[in-house]
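*Asks:* So I've got this file, entry12.txt, and it contains compact mmCIF, C-alpha atoms and all ligand atoms:
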# COMPACT_ATOMS: atom_id res chain seq x y z
CA MET A 1 15.52 -12.90 19.40
CA LYS A 2 15.77 -11.86 23.02
CA ASN A 3 16.41 -8.16 23.48
CA ASN A 4 20.11 -8.45 24.22
CA SER A 5 20.89 -11.09 21.60
CA ASN A 6 22.32 -10.48 18.16
CA GLY A 7 21.36 -13.99 17.08
CA LEU A 8 24.94 -14.97 16.27
CA LYS A 9 24.74 -18.40 17.93
CA LEU A 10 21.54 -19.20 16.08
CA ILE A 11 23.04 -18.04 12.80
CA GLU A 12 26.03 -20.32 13.39
CA LYS A 13 23.68 -23.28 13.77
CA LEU A 14 21.69 -22.32 10.67
CA LYS A 15 24.91 -22.12 8.69
CA GLU A 16 25.93 -25.61 9.88
CA LYS A 17 22.67 -26.93 8.46
CA SER A 18 23.07 -24.91 5.24
CA ALA A 19 19.71 -23.28 5.90
CA SER A 20 18.84 -19.97 4.26
CA TYR A 21 18.12 -17.09 6.61
CA LYS A 22 17.81 -13.34 6.84
CA VAL A 23 18.08 -11.15 9.93
CA VAL A 24 15.52 -8.36 9.94
CA ASP A 25 14.64 -5.50 12.26
CA LEU A 26 10.88 -5.20 12.27
CA TYR A 27 8.50 -3.55 14.71
CA LYS A 28 11.34 -3.01 17.21
CA ARG A 29 12.23 -6.70 17.26
CA LYS A 30 15.20 -8.57 15.87
CA ILE A 31 13.88 -11.47 13.82
CA VAL A 32 15.71 -14.31 12.14
CA VAL A 33 13.67 -15.72 9.25
CA ALA A 34 14.99 -19.10 8.20
CA TRP A 35 13.96 -21.63 5.58
CA PRO A 36 13.25 -24.29 4.42
CA ASP A 37 11.28 -25.62 7.38
CA LYS A 38 12.76 -29.09 7.41
CA LEU A 39 16.27 -27.74 7.92
CA VAL A 40 15.41 -25.39 10.78
CA GLU A 41 12.82 -27.43 12.64
CA ASN A 42 15.20 -28.70 15.32
CA VAL A 43 17.50 -25.71 15.63
CA ILE A 44 17.21 -24.56 19.24
CA ASP A 45 18.94 -21.60 20.84
CA ASP A 46 18.58 -19.99 24.29
CA ASP A 47 18.71 -16.53 22.79
CA VAL A 48 15.50 -17.15 20.89
CA GLU A 49 12.59 -15.49 22.66
CA LEU A 50 9.89 -16.88 20.42
CA LYS A 51 10.11 -19.52 17.72
CA VAL A 52 7.16 -19.72 15.33
CA ARG A 53 6.66 -22.09 12.45
CA VAL A 54 4.34 -20.11 10.21
CA SER A 55 1.96 -22.43 8.40
CA LYS A 56 1.43 -20.16 5.40
CA PRO A 57 3.88 -19.26 2.59
CA TRP A 58 3.97 -15.62 3.76
CA GLN A 59 5.99 -15.34 6.95
CA LEU A 60 6.66 -11.78 8.11
CA ALA A 61 3.23 -10.55 6.97
CA SER A 62 1.55 -13.34 8.94
CA ASN A 63 -0.41 -12.74 12.13
CA GLU A 64 0.67 -16.14 13.40
CA TRP A 65 3.68 -14.47 15.06
CA LYS A 66 2.54 -10.82 15.28
CA LYS A 67 -0.87 -10.82 16.91
CA ASP A 68 -1.36 -7.06 17.21
CA LYS A 69 -2.44 -5.06 14.16
CA THR A 70 0.30 -2.99 12.63
CA ILE A 71 -0.28 0.75 12.52
CA VAL A 72 1.55 2.49 9.71
CA ASN A 73 2.44 6.09 10.48
CA VAL A 74 2.61 8.37 7.45
CA ASP A 75 3.85 11.79 8.55
CA GLY A 76 1.71 11.61 11.69
CA ILE A 77 -1.34 9.99 10.02
CA GLU A 78 -1.99 6.54 11.46
CA ILE A 79 -3.26 3.83 9.11
CA GLY A 80 -4.60 0.67 10.72
CA GLY A 81 -6.09 2.11 13.89
CA ARG A 82 -9.69 2.96 14.73
CA ASN A 83 -9.66 5.91 12.35
CA ILE A 84 -10.14 5.20 8.63
CA VAL A 85 -7.79 7.28 6.49
CA VAL A 86 -8.98 8.69 3.18
CA ALA A 87 -6.37 9.70 0.61
CA ALA A 88 -7.81 11.69 -2.29
CA GLY A 89 -6.57 13.59 -5.30
CA PRO A 90 -6.27 13.41 -9.05
CA CYS A 91 -5.20 10.38 -11.04
CA ALA A 92 -2.21 12.34 -12.34
CA ILE A 93 -0.53 15.60 -11.39
CA GLU A 94 -1.16 17.91 -14.34
CA ASP A 95 -0.62 21.43 -13.08
CA GLU A 96 0.34 23.13 -9.80
CA ASP A 97 -2.72 25.35 -9.43
CA ILE A 98 -5.12 22.50 -10.21
CA ALA A 99 -3.34 20.19 -7.75
CA ILE A 100 -3.44 22.78 -4.95
CA GLU A 101 -7.10 23.53 -5.58
CA ILE A 102 -8.00 19.83 -5.46
CA ALA A 103 -5.91 19.33 -2.32
CA LYS A 104 -7.60 22.21 -0.50
CA ALA A 105 -11.04 20.89 -1.44
CA VAL A 106 -10.42 17.27 -0.44
CA LYS A 107 -8.82 18.38 2.82
CA LYS A 108 -11.87 20.48 3.63
CA ALA A 109 -14.07 17.45 2.95
CA GLY A 110 -12.03 15.33 5.39
CA ALA A 111 -9.26 13.65 3.38
CA LYS A 112 -6.11 13.09 5.45
CA MET A 113 -3.68 12.42 2.60
CA PHE A 114 -3.21 13.61 -0.98
CA ARG A 115 -2.77 11.22 -3.90
CA GLY A 116 -1.57 12.00 -7.42
CA GLY A 117 0.75 10.36 -9.93
CA ALA A 118 3.88 12.03 -11.26
CA TYR A 119 4.99 8.81 -12.97
CA LYS A 120 1.97 7.17 -14.61
CA PRO A 121 1.85 3.53 -15.71
CA ARG A 122 -0.23 4.09 -18.85
CA THR A 123 -1.42 1.19 -20.99
CA SER A 124 -0.62 3.10 -24.16
CA PRO A 125 2.68 4.90 -24.67
CA TYR A 126 0.77 7.45 -26.76
CA THR A 127 -1.17 8.81 -23.78
CA PHE A 128 -0.14 11.28 -21.04
CA GLN A 129 2.74 9.72 -19.09
CA GLY A 130 2.82 12.11 -16.13
CA LEU A 131 5.07 15.09 -15.40
CA GLY A 132 7.84 13.04 -13.80
CA GLU A 133 10.17 15.05 -11.58
CA ASN A 134 8.17 18.25 -12.19
CA GLY A 135 5.14 16.40 -10.85
CA LEU A 136 7.10 15.53 -7.72
CA LYS A 137 7.97 19.20 -7.24
CA ILE A 138 4.29 20.09 -7.50
CA LEU A 139 3.48 17.41 -4.92
CA ARG A 140 6.04 18.98 -2.58
CA LYS A 141 4.38 22.36 -3.10
CA VAL A 142 0.96 20.84 -2.35
CA TYR A 143 2.34 19.52 0.94
CA GLU A 144 3.85 22.89 1.84
CA VAL A 145 0.72 24.85 1.00
CA VAL A 146 -2.05 22.47 2.07
CA GLY A 147 -0.30 20.19 4.56
CA LEU A 148 -1.64 16.81 3.44
CA PRO A 149 0.98 14.03 3.36
CA ILE A 150 1.66 12.73 -0.14
CA VAL A 151 1.24 9.23 -1.59
CA THR A 152 2.55 8.80 -5.11
CA GLU A 153 3.62 5.98 -7.38
CA VAL A 154 7.17 4.92 -8.12
CA MET A 155 7.59 2.71 -11.20
CA ASP A 156 11.33 2.40 -11.63
CA THR A 157 14.08 1.26 -9.26
CA ARG A 158 16.20 4.17 -10.52
CA ASP A 159 13.61 6.66 -9.23
CA VAL A 160 13.01 5.24 -5.76
CA GLU A 161 15.43 7.53 -3.91
CA LYS A 162 14.15 10.61 -5.73
CA VAL A 163 10.46 9.82 -5.22
CA ALA A 164 11.16 8.96 -1.57
CA SER A 165 12.70 12.39 -1.07
CA PHE A 166 9.44 14.08 -2.18
CA ALA A 167 6.71 11.70 -0.98
CA HIS A 168 5.59 10.45 2.43
CA MET A 169 4.32 7.13 1.12
CA LEU A 170 5.49 5.21 -1.94
CA GLN A 171 2.81 3.59 -4.07
CA ILE A 172 3.57 0.41 -5.96
CA GLY A 173 1.04 0.18 -8.76
CA ALA A 174 -0.92 -2.85 -9.86
CA ARG A 175 1.29 -3.31 -12.90
CA ASN A 176 4.44 -3.36 -10.81
CA SER A 177 3.41 -5.27 -7.74
CA GLN A 178 5.42 -8.32 -8.79
CA ASN A 179 8.44 -6.29 -9.88
CA PHE A 180 10.64 -7.90 -7.26
CA PRO A 181 13.72 -5.66 -7.62
CA LEU A 182 11.42 -2.63 -7.21
CA LEU A 183 9.81 -4.16 -4.11
CA ARG A 184 13.22 -4.72 -2.53
CA GLU A 185 14.25 -1.17 -3.39
CA VAL A 186 11.19 0.45 -1.77
CA GLY A 187 11.82 -1.83 1.20
CA LYS A 188 15.29 -0.32 1.50
CA ALA A 189 13.92 3.22 1.15
CA LYS A 190 12.40 2.94 4.65
CA LYS A 191 9.32 4.91 3.65
CA PRO A 192 5.77 3.61 4.15
CA VAL A 193 4.60 1.65 1.10
CA LEU A 194 1.12 1.32 -0.40
CA LEU A 195 1.25 -2.01 -2.20
CA LYS A 196 -1.48 -2.40 -4.81
CA ARG A 197 -2.65 -5.88 -5.69
CA GLY A 198 -1.84 -6.75 -9.27
CA MET A 199 -4.87 -7.21 -11.50
CA SER A 200 -4.14 -10.90 -11.91
CA MET A 201 -2.55 -11.67 -8.56
CA THR A 202 -3.98 -14.14 -6.09
CA THR A 203 -4.17 -13.03 -2.46
CA GLU A 204 -1.22 -15.36 -1.77
CA GLU A 205 0.92 -13.70 -4.44
CA TRP A 206 -0.04 -10.28 -3.05
CA LEU A 207 1.08 -11.24 0.46
CA LEU A 208 4.29 -12.73 -0.92
CA ALA A 209 4.96 -9.43 -2.72
CA ALA A 210 4.66 -7.68 0.66
CA GLU A 211 7.17 -10.18 2.01
CA TYR A 212 9.86 -8.73 -0.30
CA ILE A 213 9.41 -5.32 1.35
CA LEU A 214 9.25 -6.68 4.90
CA LEU A 215 12.43 -8.70 4.33
CA GLU A 216 14.27 -5.39 3.85
CA SER A 217 13.28 -4.48 7.43
CA ASN A 218 10.53 -2.14 6.25
CA GLY A 219 7.38 -3.04 8.18
CA ASP A 220 5.34 -0.04 7.05
CA VAL A 221 3.32 -1.75 4.35
CA VAL A 222 -0.36 -1.11 3.58
CA LEU A 223 -1.94 -3.64 1.21
CA CYS A 224 -4.32 -2.09 -1.34
CA GLU A 225 -7.07 -4.00 -3.15
CA ARG A 226 -7.89 -2.25 -6.45
CA GLY A 227 -9.82 -4.83 -8.43
CA ILE A 228 -8.82 -7.87 -10.42
CA ARG A 229 -9.45 -9.02 -13.97
CA THR A 230 -12.44 -11.29 -14.39
CA PHE A 231 -14.83 -12.12 -17.23
CA GLU A 232 -17.00 -9.14 -16.22
CA LYS A 233 -16.89 -6.33 -18.78
CA ASN A 234 -19.33 -3.73 -17.51
CA THR A 235 -17.01 -2.64 -14.73
CA ARG A 236 -13.32 -1.91 -15.30
CA PHE A 237 -12.13 -4.47 -12.74
CA THR A 238 -13.86 -6.68 -10.17
CA LEU A 239 -13.30 -5.32 -6.66
CA ASP A 240 -12.43 -8.40 -4.63
CA LEU A 241 -13.80 -7.63 -1.19
CA ALA A 242 -13.84 -11.35 -0.42
CA GLY A 243 -10.08 -11.31 -0.98
CA LEU A 244 -9.78 -8.30 1.30
CA ALA A 245 -11.80 -10.00 4.03
CA TYR A 246 -9.66 -13.14 3.69
CA VAL A 247 -6.36 -11.26 3.83
CA LYS A 248 -7.54 -9.45 6.97
CA THR A 249 -7.79 -12.81 8.72
CA VAL A 250 -4.17 -13.80 8.01
CA THR A 251 -2.11 -10.62 8.27
CA HIS A 252 -1.31 -7.91 10.79
CA LEU A 253 -0.82 -5.35 8.00
CA PRO A 254 -3.44 -2.63 7.37
CA LEU A 255 -5.67 -2.94 4.29
CA ALA A 256 -6.62 -0.21 1.86
CA VAL A 257 -9.10 -0.15 -1.02
CA ASP A 258 -9.02 1.89 -4.21
CA PRO A 259 -12.66 2.05 -5.36
CA SER A 260 -11.89 4.28 -8.37
CA HIS A 261 -10.04 1.91 -10.70
CA PRO A 262 -12.42 -1.07 -10.39
CA ALA A 263 -15.38 1.28 -10.89
CA GLY A 264 -14.01 2.83 -14.05
CA ARG A 265 -16.87 5.34 -13.94
CA ARG A 266 -17.60 7.88 -11.24
CA ASP A 267 -21.15 6.83 -10.38
CA LEU A 268 -19.88 3.42 -9.19
CA VAL A 269 -17.16 4.76 -6.90
CA GLU A 270 -19.44 5.55 -3.96
CA PRO A 271 -21.05 2.10 -3.54
CA LEU A 272 -17.64 0.43 -3.80
CA ALA A 273 -16.09 2.81 -1.26
CA LEU A 274 -18.94 2.28 1.20
CA ALA A 275 -18.74 -1.50 0.78
CA ALA A 276 -14.97 -1.38 1.26
CA ILE A 277 -15.11 0.23 4.66
CA ALA A 278 -18.03 -1.98 5.67
CA ALA A 279 -15.77 -4.93 4.79
CA GLY A 280 -13.03 -3.59 7.06
CA ALA A 281 -10.73 -1.42 4.96
CA ASP A 282 -8.45 0.82 7.05
CA MET A 283 -7.81 3.25 4.23
CA LEU A 284 -9.37 4.42 0.97
CA ILE A 285 -7.56 6.00 -1.95
CA VAL A 286 -9.96 7.90 -4.20
CA GLU A 287 -9.49 9.81 -7.45
CA VAL A 288 -10.93 13.33 -7.31
CA HIS A 289 -10.57 16.24 -9.76
CA ILE A 290 -11.96 19.78 -9.94
CA ALA A 291 -12.84 19.19 -13.60
CA PRO A 292 -12.78 15.43 -14.22
CA GLU A 293 -14.00 15.77 -17.80
CA LYS A 294 -10.82 17.70 -18.58
CA ALA A 295 -8.45 15.32 -16.76
CA LEU A 296 -5.59 13.91 -18.82
CA SER A 297 -6.06 10.37 -17.47
CA ASP A 298 -8.94 8.35 -15.99
CA SER A 299 -11.32 11.18 -16.68
CA GLU A 300 -14.40 8.88 -16.51
CA GLN A 301 -13.82 7.69 -12.96
CA GLN A 302 -12.56 10.75 -11.10
CA LEU A 303 -15.11 12.21 -8.69
CA THR A 304 -16.11 15.83 -8.77
CA ILE A 305 -15.52 17.77 -5.55
CA SER A 306 -19.21 17.72 -4.69
CA MET A 307 -19.42 13.95 -5.27
CA PHE A 308 -16.43 13.53 -2.96
CA GLU A 309 -18.03 15.70 -0.27
CA GLU A 310 -21.18 13.61 -0.49
CA LEU A 311 -19.13 10.40 -0.33
CA MET A 312 -17.29 11.57 2.79
CA LYS A 313 -20.59 12.21 4.60
CA LYS A 314 -21.80 8.70 3.83
CA LEU A 315 -18.44 7.12 4.69
CA LYS A 316 -18.58 8.80 8.10
CA MET A 317 -22.00 7.29 8.80
CA VAL A 318 -20.86 3.78 7.86
CA ALA A 319 -17.63 4.16 9.84
CA GLU A 320 -19.52 5.29 12.94
CA ALA A 321 -22.00 2.44 12.63
CA LEU A 322 -19.00 0.11 12.81
CA GLY A 323 -17.40 1.83 15.81
CA ARG A 324 -14.80 3.57 13.68
CA SER A 325 -14.25 7.16 12.60
CA ILE A 326 -13.11 9.05 9.53
C1 LIG A 401 -3.26 4.78 -9.56
O1 LIG A 401 -3.67 4.63 -8.42
O2 LIG A 401 -2.96 5.88 -10.04
C2 LIG A 401 -3.08 3.60 -10.42
C3 LIG A 401 -2.45 3.68 -11.59
O3 LIG A 401 -3.62 2.49 -9.93
P1 LIG A 401 -3.34 0.95 -10.30
O4 LIG A 401 -1.87 0.75 -10.24
O5 LIG A 401 -4.10 0.22 -9.24
O6 LIG A 401 -3.90 0.74 -11.69
MN MN A 402 -5.94 6.50 -12.32
As a first step, turn the structure in this file into structure tokens.

*Replies:*
Amino acid sequence: MKNNSNGLKLIEKLKEKSASYKVVDLYKRKIVVAWPDKLVENVIDDDVELKVRVSKPWQLASNEWKKDKTIVNVDGIEIGGRNIVVAAGPCAIEDEDIAIEIAKAVKKAGAKMFRGGAYKPRTSPYTFQGLGENGLKILRKVYEVVGLPIVTEVMDTRDVEKVASFAHMLQIGARNSQNFPLLREVGKAKKPVLLKRGMSMTTEEWLLAAEYILLESNGDVVLCERGIRTFEKNTRFTLDLAGLAYVKTVTHLPLAVDPSHPAGRRDLVEPLALAAIAAGADMLIVEVHIAPEKALSDSEQQLTISMFEELMKKLKMVAEALGRSI
């Protein structure tokens, strides 16, 4: 809509046609999304600054109307610009001292954000489930002591407000990325969201999941490829960099890659991380632990500190070769 318009005249016309619509505030613009196409095709209003018929099922995530790349600001860290952001930390928060030690080490090596799960989506209910609220308190302490902004997973709509009060970025895990009530709720939380791709989601379904968050007027969404299920058994998941490259051509949202979970073992993390930034990822989220063999979850795939330091050096070289920085 034009700057001074509240869209009321347009909404009146949409109502006459019994079209569905939603008014959203995104990227400092007032946008009326209306559907289905056939009902809204001929609705014309002077207060409309730009009318776009998006050809793809995803609308607000599409770069057909928003040509500039979105930059998501997480506590001063910009994701989606020239600089590639690396978030690093343990799979799960296990202990305050361990978390702080890992955070200090990854910061020194060049990480700009700290990752770590307080609520863990574990395949088996008999394995470590995370520290819950105590884990969030440790994450807060890590931020106070080390100063890296926090990204952590929220699994339950009932926890969104609480997690949002401790974290700078809310992670939606692969197992929850089509939990539509949860997506709406993190949209409402108005915190940046890291939206993992589900392990059996198509790129279209992934973008449509983002749409649920955007429709709540939360434009701070980073899409994260973390591997999909295929027939391949020697790696944990198949990192779909083709999917990443495709999504980059159709959206204005920044793209992240998690090289740890598809690798499933630490020696494969580096090649996947390097390939991810070569393919255009704006962010990496990497599992790192001071003593991976003792970790309570994903112990096989977490990098040691020295492996992470080595990785950062190589990532910097690839980034620079591509005219980017880390
Ligand atoms: C994680 O990053 O801790 C995690 C559980 O990842 P995913 O949801 O991609 O499996
Ligand atoms: Mn993990």

*Asks:* Could you tell me how far atom CA of A:Ile150 lies from atom CA of A:Glu270, in Å and to one decimal?

*Replies:*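 So the answer is 22.6 Å.
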
*Asks:* State, in Å with one decimal place, the distance from atom CA of A:Val85 to atom CA of A:Ile285.

*Replies:* 8.5 Å

*Asks:* Can you tell me, as a list in words, which residues sit within 12 Å of (-11.9, -7.6, -15.5) in the file's frame, using only C-alpha atoms?

*Replies:* Gly198, Met199, Ser200, Arg226, Gly227, Ile228, Arg229, Thr230, Phe231, Glu232, Lys233, Asn234, Thr235, Arg236, Phe237, Thr238, Leu239, Asp240, His261, Pro262, Ala263 and Gly264 of chain A

*Asks:* If you count all atoms listed in the file, which residues fall within 12 Å of stretch 303-308 of chain A, apart from same-chain ones fewer than 2 positions away, as a compact mmCIF listing (two decimals) with C-alpha atoms, in the coordinates of the input?

*Replies:*
# COMPACT_ATOMS: atom_id res chain seq x y z
CA VAL A 86 -8.98 8.69 3.18
CA ALA A 87 -6.37 9.70 0.61
CA ALA A 88 -7.81 11.69 -2.29
CA GLY A 89 -6.57 13.59 -5.30
CA PRO A 90 -6.27 13.41 -9.05
CA CYS A 91 -5.20 10.38 -11.04
CA GLU A 101 -7.10 23.53 -5.58
CA ILE A 102 -8.00 19.83 -5.46
CA ALA A 103 -5.91 19.33 -2.32
CA LYS A 104 -7.60 22.21 -0.50
CA ALA A 105 -11.04 20.89 -1.44
CA VAL A 106 -10.42 17.27 -0.44
CA LYS A 107 -8.82 18.38 2.82
CA LYS A 108 -11.87 20.48 3.63
CA ALA A 109 -14.07 17.45 2.95
CA GLY A 110 -12.03 15.33 5.39
CA ALA A 111 -9.26 13.65 3.38
CA PRO A 259 -12.66 2.05 -5.36
CA SER A 260 -11.89 4.28 -8.37
CA HIS A 261 -10.04 1.91 -10.70
CA ALA A 263 -15.38 1.28 -10.89
CA GLY A 264 -14.01 2.83 -14.05
CA ARG A 265 -16.87 5.34 -13.94
CA ARG A 266 -17.60 7.88 -11.24
CA ASP A 267 -21.15 6.83 -10.38
CA LEU A 268 -19.88 3.42 -9.19
CA VAL A 269 -17.16 4.76 -6.90
CA GLU A 270 -19.44 5.55 -3.96
CA ALA A 273 -16.09 2.81 -1.26
CA ILE A 285 -7.56 6.00 -1.95
CA VAL A 286 -9.96 7.90 -4.20
CA GLU A 287 -9.49 9.81 -7.45
CA VAL A 288 -10.93 13.33 -7.31
CA HIS A 289 -10.57 16.24 -9.76
CA ILE A 290 -11.96 19.78 -9.94
CA ALA A 291 -12.84 19.19 -13.60
CA PRO A 292 -12.78 15.43 -14.22
CA GLU A 293 -14.00 15.77 -17.80
CA LYS A 294 -10.82 17.70 -18.58
CA ALA A 295 -8.45 15.32 -16.76
CA ASP A 298 -8.94 8.35 -15.99
CA SER A 299 -11.32 11.18 -16.68
CA GLU A 300 -14.40 8.88 -16.51
CA GLN A 301 -13.82 7.69 -12.96
CA GLU A 310 -21.18 13.61 -0.49
CA LEU A 311 -19.13 10.40 -0.33
CA MET A 312 -17.29 11.57 2.79
CA LYS A 313 -20.59 12.21 4.60
CA LYS A 314 -21.80 8.70 3.83
CA LEU A 315 -18.44 7.12 4.69

*Asks:* With all atoms listed in the file counted and 6 Å as the cut-off, give the residues of chain A in contact with ligand LIG 401 (chain A), each with its shortest interatomic distance in Å and the pair that gives it, as a tab-separated table.

*Replies:*
residue	atom	partner	partner_atom	distance
A:Cys91	CA	A:LIG401	O2	5.1
A:Gly117	CA	A:LIG401	O2	5.8
A:Pro121	CA	A:LIG401	C3	6.0
A:Gly173	CA	A:LIG401	O4	3.3
A:Ala174	CA	A:LIG401	O4	3.7
A:Arg175	CA	A:LIG401	O4	5.8
A:Lys196	CA	A:LIG401	O5	5.8
A:Arg226	CA	A:LIG401	O5	5.3

*Asks:* Would you mind telling me which residue in A:Arg115, A:His252, A:Lys141, A:Lys191 lies nearest to ligand MN 402 (chain A) when using all atoms listed in the file?

*Replies:*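 Using all atoms listed in the file, the shortest distance to ligand MN 402 (chain A) belongs to A:Arg115.
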
*Asks:* Separation of atom CA of A:Ile98 and atom CA of A:Val222, in Å?

*Replies:*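 Atom-to-atom, atom CA of A:Ile98 to atom CA of A:Val222, that is 27.8 Å.
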
*Asks:* So, counting all atoms listed in the file, which residue among A:Lys17, A:Arg197, A:Arg122, A:Lys38 is closest to ligand MN 402 (chain A)?

*Replies:*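 The closest residue to ligand MN 402 (chain A) is A:Arg122.
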
*Asks:* Near stretch 204-218 of chain A, counting all atoms listed in the file, which residues have an atom at most 8 Å away, once you skip same-chain residues fewer than 5 positions from it, shown as an NGL selection string?

*Replies:* :A and (22 or 24-26 or 57-61 or 177-178 or 180 or 183-188 or 190-192 or 195 or 197-198 or 223)

*Asks:* Just need the box for stretch 95-100 of chain A, edges along x, y and z, holding every atom the file lists for it with 8 Å tacked onto each side, so centre and edge lengths in Å to one decimal, as lines of an AutoDock Vina configuration file.

*Replies:*
center_x = -2.4
center_y = 22.8
center_z = -9.0
size_x = 21.5
size_y = 21.2
size_z = 24.1

*Asks:* Do you know which residues lie at most 12 Å from (12.6, 10.9, -0.8), with coordinates as in the file and all atoms listed in the file counted, and could you write them as a PDB file with C-alpha atoms, in the frame of the given file?

*Replies:*
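What ended up in out_8.pdb:
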ATOM      1  CA  GLU A 133      10.170  15.050 -11.580  1.00  0.00           C
ATOM      2  CA  LEU A 136       7.100  15.530  -7.720  1.00  0.00           C
ATOM      3  CA  LYS A 137       7.970  19.200  -7.240  1.00  0.00           C
ATOM      4  CA  LEU A 139       3.480  17.410  -4.920  1.00  0.00           C
ATOM      5  CA  ARG A 140       6.040  18.980  -2.580  1.00  0.00           C
ATOM      6  CA  ILE A 150       1.660  12.730  -0.140  1.00  0.00           C
ATOM      7  CA  VAL A 151       1.240   9.230  -1.590  1.00  0.00           C
ATOM      8  CA  THR A 152       2.550   8.800  -5.110  1.00  0.00           C
ATOM      9  CA  VAL A 154       7.170   4.920  -8.120  1.00  0.00           C
ATOM     10  CA  ASP A 159      13.610   6.660  -9.230  1.00  0.00           C
ATOM     11  CA  VAL A 160      13.010   5.240  -5.760  1.00  0.00           C
ATOM     12  CA  GLU A 161      15.430   7.530  -3.910  1.00  0.00           C
ATOM     13  CA  LYS A 162      14.150  10.610  -5.730  1.00  0.00           C
ATOM     14  CA  VAL A 163      10.460   9.820  -5.220  1.00  0.00           C
ATOM     15  CA  ALA A 164      11.160   8.960  -1.570  1.00  0.00           C
ATOM     16  CA  SER A 165      12.700  12.390  -1.070  1.00  0.00           C
ATOM     17  CA  PHE A 166       9.440  14.080  -2.180  1.00  0.00           C
ATOM     18  CA  ALA A 167       6.710  11.700  -0.980  1.00  0.00           C
ATOM     19  CA  HIS A 168       5.590  10.450   2.430  1.00  0.00           C
ATOM     20  CA  MET A 169       4.320   7.130   1.120  1.00  0.00           C
ATOM     21  CA  LEU A 170       5.490   5.210  -1.940  1.00  0.00           C
ATOM     22  CA  VAL A 186      11.190   0.450  -1.770  1.00  0.00           C
ATOM     23  CA  LYS A 188      15.290  -0.320   1.500  1.00  0.00           C
ATOM     24  CA  ALA A 189      13.920   3.220   1.150  1.00  0.00           C
ATOM     25  CA  LYS A 190      12.400   2.940   4.650  1.00  0.00           C
ATOM     26  CA  LYS A 191       9.320   4.910   3.650  1.00  0.00           C
ATOM     27  CA  PRO A 192       5.770   3.610   4.150  1.00  0.00           C
TER      28      PRO A 192
END

*Asks:* Compare A:Asn134, A:Tyr126, A:Asp68, A:Val32 by their minimum atom-to-atom distance to A:Gly81, counting all atoms listed in the file, and give me the closest one.

*Replies:*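 Of A:Asn134, A:Tyr126, A:Asp68, A:Val32, the one nearest A:Gly81 is A:Asp68, counting all atoms listed in the file.
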
*Asks:* Would you mind telling me which residue in A:Ala118, A:Leu274, A:Ala245, A:Ile326 lies nearest to ligand MN 402 (chain A) when using all atoms listed in the file?

*Replies:* A:Ala118

*Asks:* Just the residues within 8 Å of stretch 1-8 of chain A, please, counting only C-alpha atoms, with nothing from its chain fewer than 3 positions along; format it as a ChimeraX atom specification.

*Replies:* /A:11-12,29-32,47-50

*Asks:* Let me make sure I understand: among A:Gly323, A:Gly80, A:Gly116, A:Pro36, which one has the smallest atom-to-atom distance to ligand MN 402 (chain A) if we use all atoms listed in the file?

*Replies:*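 Under the stated criterion, the closest residue is A:Gly116.
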
*Asks:* If we count only C-alpha atoms and set the cut-off at 9 Å, which residues sit around A:Asn83, ignoring sequence neighbours fewer than 3 positions away in its own chain? Please answer as a list in words.

*Replies:*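 Surrounding residues, per the criterion: Glu78, Ile79, Gly80, Asp282, Met283, Ala319, Arg324, Ser325 and Ile326 of chain A.
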
*Asks:* Under the rule that all atoms listed in the file are counted, which of A:Trp35, A:Phe128, A:Trp65, A:Tyr27 is the nearest residue to ligand MN 402 (chain A)?

*Replies:* A:Phe128

*Asks:* Near A:Leu148, counting all atoms listed in the file, which residues have an atom at most 8 Å away, once you skip same-chain residues fewer than 5 positions from it, shown as a list in words?

*Replies:* Ala103, Lys107, Lys112, Met113, Phe114, Val142 and Tyr143 of chain A

*Asks:* Any chance you could build stretch 314-322 of chain A out to N, CA and C atoms and write it as a compact mmCIF listing (two decimals), in the frame of the given file?

*Replies:*
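Writing the result to out-v9.txt gives the following:
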# COMPACT_ATOMS: atom_id res chain seq x y z
N LYS A 314 -21.28 10.07 3.72
CA LYS A 314 -21.80 8.70 3.83
C LYS A 314 -20.77 7.76 4.47
N LEU A 315 -19.50 7.96 4.10
CA LEU A 315 -18.44 7.12 4.69
C LEU A 315 -18.41 7.29 6.21
N LYS A 316 -18.60 8.53 6.65
CA LYS A 316 -18.58 8.80 8.10
C LYS A 316 -19.69 8.03 8.80
N MET A 317 -20.87 8.00 8.17
CA MET A 317 -22.00 7.29 8.80
C MET A 317 -21.71 5.79 8.90
N VAL A 318 -21.15 5.22 7.83
CA VAL A 318 -20.86 3.78 7.86
C VAL A 318 -19.75 3.51 8.89
N ALA A 319 -18.74 4.36 8.89
CA ALA A 319 -17.63 4.16 9.84
C ALA A 319 -18.16 4.19 11.27
N GLU A 320 -19.00 5.18 11.58
CA GLU A 320 -19.52 5.29 12.94
C GLU A 320 -20.39 4.10 13.32
N ALA A 321 -21.16 3.61 12.35
CA ALA A 321 -22.00 2.44 12.63
C ALA A 321 -21.14 1.23 13.00
N LEU A 322 -19.90 1.23 12.55
CA LEU A 322 -19.00 0.11 12.81
C LEU A 322 -18.04 0.39 13.96
